[in-house]
Amino acid sequence: MTRILVLNGPNLGRLGSREPDVYGNANLDDLRAMLDTAAGDHATIDLRQTNDEAELIGWLYEATDAAVPVILNPAAFTHYSYALRDAAALVTKAGIPLVEVHISNPHARETFRHTSVISGIATGVIAGFGFDSYRLALDAVLRLTAARPE
């Protein structure tokens with residue numbers, strides 16, 4: 001069974017209470033339950049959240065070293081963290097899928113949110129579908145890993 005890291009950056013631990021008009025009312029436990037159900041017997045979901053850039057980078061190293069696909073919501077780090085971008089590039093350069101996700105559509109929000117330093121090295125980007133962004137990313141990762149030679 002494929003293990004998939006679902007990594008969430010700063011402030012996403014406040015889902016359910018932070019700007020529900022933008023992010024909805026569901027929290028990370030709800031996201032975990034939805035992804036576990038969607039993954040079924042095809043994958044195990046390892047969902048994590050941190051406000052610490054260094055910890056997030058360490059998790060990307062872990063993904064690279066163990067060849068574990070990643071669904072990444074870099075949150076605010078999306079727009080400026082070149083260190084995170086370089087760590088994410090290690091994943092994709094190793095041939096491991098990394099899908100960047102966003103709950104909201106960054107291009108429909110403030111101008112500073114329109115730039116992602118991650119998108120250029122991600123396998124793909126899915127944004128604007130609420131928690132379904134993660135479900136769509138999961139589907140993409142499962143398709144990509146099924147096609148990946150072991």
# chains A, B, ... in the order shown; residues from 1 in each chain; ligands from 1
>>> residues_around(residues="Thr92 of chain A", least_positions_apart="5", cutoff="9 Å", atoms="only C-alpha atoms", output="PyMOL selection string")
chain A and resi 64+97-98+121-123
>>> residues_around(residues="segment 79-87 of chain A", least_positions_apart="6", cutoff="7 Å", atoms="only C-alpha atoms", output="list in words")
Ile57, Leu60, Tyr61, Arg113, Thr115, Ser116, Val117 and Ile118 of chain A
>>> closest_residue(among="A:Ala66, A:Ala39, A:Ile126, A:Ala76", to="Asn11 of chain A", atoms="only C-alpha atoms")
A:Ala76
>>> select_by_dssp(residues="chain A", states="strand (DSSP E or B)", output="ChimeraX atom specification")
/A:2-8,43-49,70-73,98-102,124-127
>>> residues_around(residues="Phe77 of chain A", least_positions_apart="6", cutoff="8 Å", atoms="only C-alpha atoms", output="JSON, numbers by chain")
{"A": [9, 10, 53, 84]}
>>> write_last_selection(atoms="N, CA and C atoms", output="compact mmCIF listing (two decimals), in the first residue's frame")
# COMPACT_ATOMS: atom_id res chain seq x y z
N GLY A 9 1.24 23.71 5.83
CA GLY A 9 2.05 24.76 6.40
C GLY A 9 1.33 25.62 7.41
N PRO A 10 1.88 26.81 7.63
CA PRO A 10 1.45 27.66 8.74
C PRO A 10 -0.02 28.08 8.68
N GLU A 53 8.91 26.33 9.32
CA GLU A 53 9.47 26.10 8.00
C GLU A 53 10.50 24.97 8.01
N LEU A 84 11.97 26.18 1.12
CA LEU A 84 10.95 25.16 0.94
C LEU A 84 10.88 24.73 -0.52
>>> atom_distance(atom1="atom CA of Asp29 of chain A", atom2="atom CA of Ile4 of chain A")
16.3 Å
>>> residues_around(residues="Val141 of chain A", least_positions_apart="2", cutoff="10 Å", atoms="only C-alpha atoms", output="ChimeraX atom specification")
/A:2,4,43,69-71,96-99,123-124,135-139,143-147
>>> residues_around(residues="Asn8 of chain A", least_positions_apart="4", cutoff="7 Å", atoms="only C-alpha atoms", output="list in words")
Leu12, Arg48, Gln49, Thr50, Leu72, Asn73 and Pro74 of chain A
>>> decode(residues="segment 57-87 of chain A", atoms="N, CA and C atoms", output="tab-separated table (two decimals), in the first residue's frame")
chain	number	residue	atom	x	y	z
A	57	ILE	N	10.47	21.45	5.84
A	57	ILE	CA	11.61	21.07	4.99
A	57	ILE	C	12.11	19.68	5.37
A	58	GLY	N	12.21	19.40	6.66
A	58	GLY	CA	12.63	18.08	7.12
A	58	GLY	C	11.70	16.98	6.63
A	59	TRP	N	10.40	17.26	6.62
A	59	TRP	CA	9.44	16.27	6.13
A	59	TRP	C	9.62	16.03	4.63
A	60	LEU	N	9.99	17.06	3.89
A	60	LEU	CA	10.25	16.87	2.45
A	60	LEU	C	11.52	16.04	2.24
A	61	TYR	N	12.52	16.22	3.09
A	61	TYR	CA	13.71	15.35	3.03
A	61	TYR	C	13.30	13.90	3.29
A	62	GLU	N	12.45	13.70	4.29
A	62	GLU	CA	11.96	12.37	4.61
A	62	GLU	C	11.26	11.75	3.39
A	63	ALA	N	10.43	12.53	2.73
A	63	ALA	CA	9.73	12.04	1.53
A	63	ALA	C	10.72	11.65	0.45
A	64	THR	N	11.74	12.47	0.26
A	64	THR	CA	12.76	12.17	-0.75
A	64	THR	C	13.50	10.89	-0.40
A	65	ASP	N	13.95	10.78	0.83
A	65	ASP	CA	14.74	9.63	1.25
A	65	ASP	C	13.95	8.31	1.21
A	66	ALA	N	12.66	8.38	1.50
A	66	ALA	CA	11.82	7.17	1.55
A	66	ALA	C	10.99	6.99	0.28
A	67	ALA	N	11.14	7.89	-0.70
A	67	ALA	CA	10.38	7.83	-1.96
A	67	ALA	C	8.87	7.82	-1.71
A	68	VAL	N	8.42	8.75	-0.87
A	68	VAL	CA	7.01	8.86	-0.50
A	68	VAL	C	6.40	10.05	-1.24
A	69	PRO	N	5.30	9.84	-1.98
A	69	PRO	CA	4.64	10.96	-2.66
A	69	PRO	C	4.10	11.97	-1.66
A	70	VAL	N	3.96	13.22	-2.13
A	70	VAL	CA	3.59	14.33	-1.26
A	70	VAL	C	2.43	15.13	-1.85
A	71	ILE	N	1.49	15.44	-1.00
A	71	ILE	CA	0.49	16.47	-1.26
A	71	ILE	C	0.87	17.60	-0.31
A	72	LEU	N	1.17	18.77	-0.88
A	72	LEU	CA	1.73	19.88	-0.09
A	72	LEU	C	0.86	21.12	-0.20
A	73	ASN	N	0.38	21.59	0.95
A	73	ASN	CA	-0.22	22.91	1.03
A	73	ASN	C	0.77	23.77	1.81
A	74	PRO	N	1.62	24.51	1.09
A	74	PRO	CA	2.65	25.29	1.77
A	74	PRO	C	2.11	26.53	2.47
A	75	ALA	N	0.83	26.84	2.27
A	75	ALA	CA	0.20	28.00	2.92
A	75	ALA	C	1.02	29.27	2.64
A	76	ALA	N	1.27	30.08	3.64
A	76	ALA	CA	1.97	31.35	3.43
A	76	ALA	C	3.38	31.17	2.86
A	77	PHE	N	4.00	30.01	3.12
A	77	PHE	CA	5.34	29.77	2.57
A	77	PHE	C	5.32	29.70	1.04
A	78	THR	N	4.15	29.48	0.46
A	78	THR	CA	3.98	29.42	-1.00
A	78	THR	C	4.65	30.58	-1.70
A	79	HIS	N	4.54	31.75	-1.11
A	79	HIS	CA	4.84	32.99	-1.81
A	79	HIS	C	6.28	33.45	-1.71
A	80	TYR	N	7.05	32.86	-0.78
A	80	TYR	CA	8.38	33.43	-0.58
A	80	TYR	C	9.45	32.45	-0.10
A	81	SER	N	9.11	31.23	0.24
A	81	SER	CA	10.11	30.36	0.86
A	81	SER	C	10.91	29.60	-0.20
A	82	TYR	N	12.06	30.18	-0.54
A	82	TYR	CA	12.94	29.52	-1.49
A	82	TYR	C	13.57	28.27	-0.88
A	83	ALA	N	13.73	28.25	0.43
A	83	ALA	CA	14.25	27.06	1.10
A	83	ALA	C	13.26	25.90	0.94
A	84	LEU	N	11.97	26.18	1.12
A	84	LEU	CA	10.95	25.16	0.94
A	84	LEU	C	10.88	24.73	-0.52
A	85	ARG	N	11.00	25.67	-1.43
A	85	ARG	CA	10.99	25.37	-2.86
A	85	ARG	C	12.14	24.41	-3.20
A	86	ASP	N	13.32	24.68	-2.68
A	86	ASP	CA	14.47	23.84	-2.98
A	86	ASP	C	14.29	22.43	-2.40
A	87	ALA	N	13.71	22.33	-1.22
A	87	ALA	CA	13.45	21.01	-0.62
A	87	ALA	C	12.38	20.27	-1.42
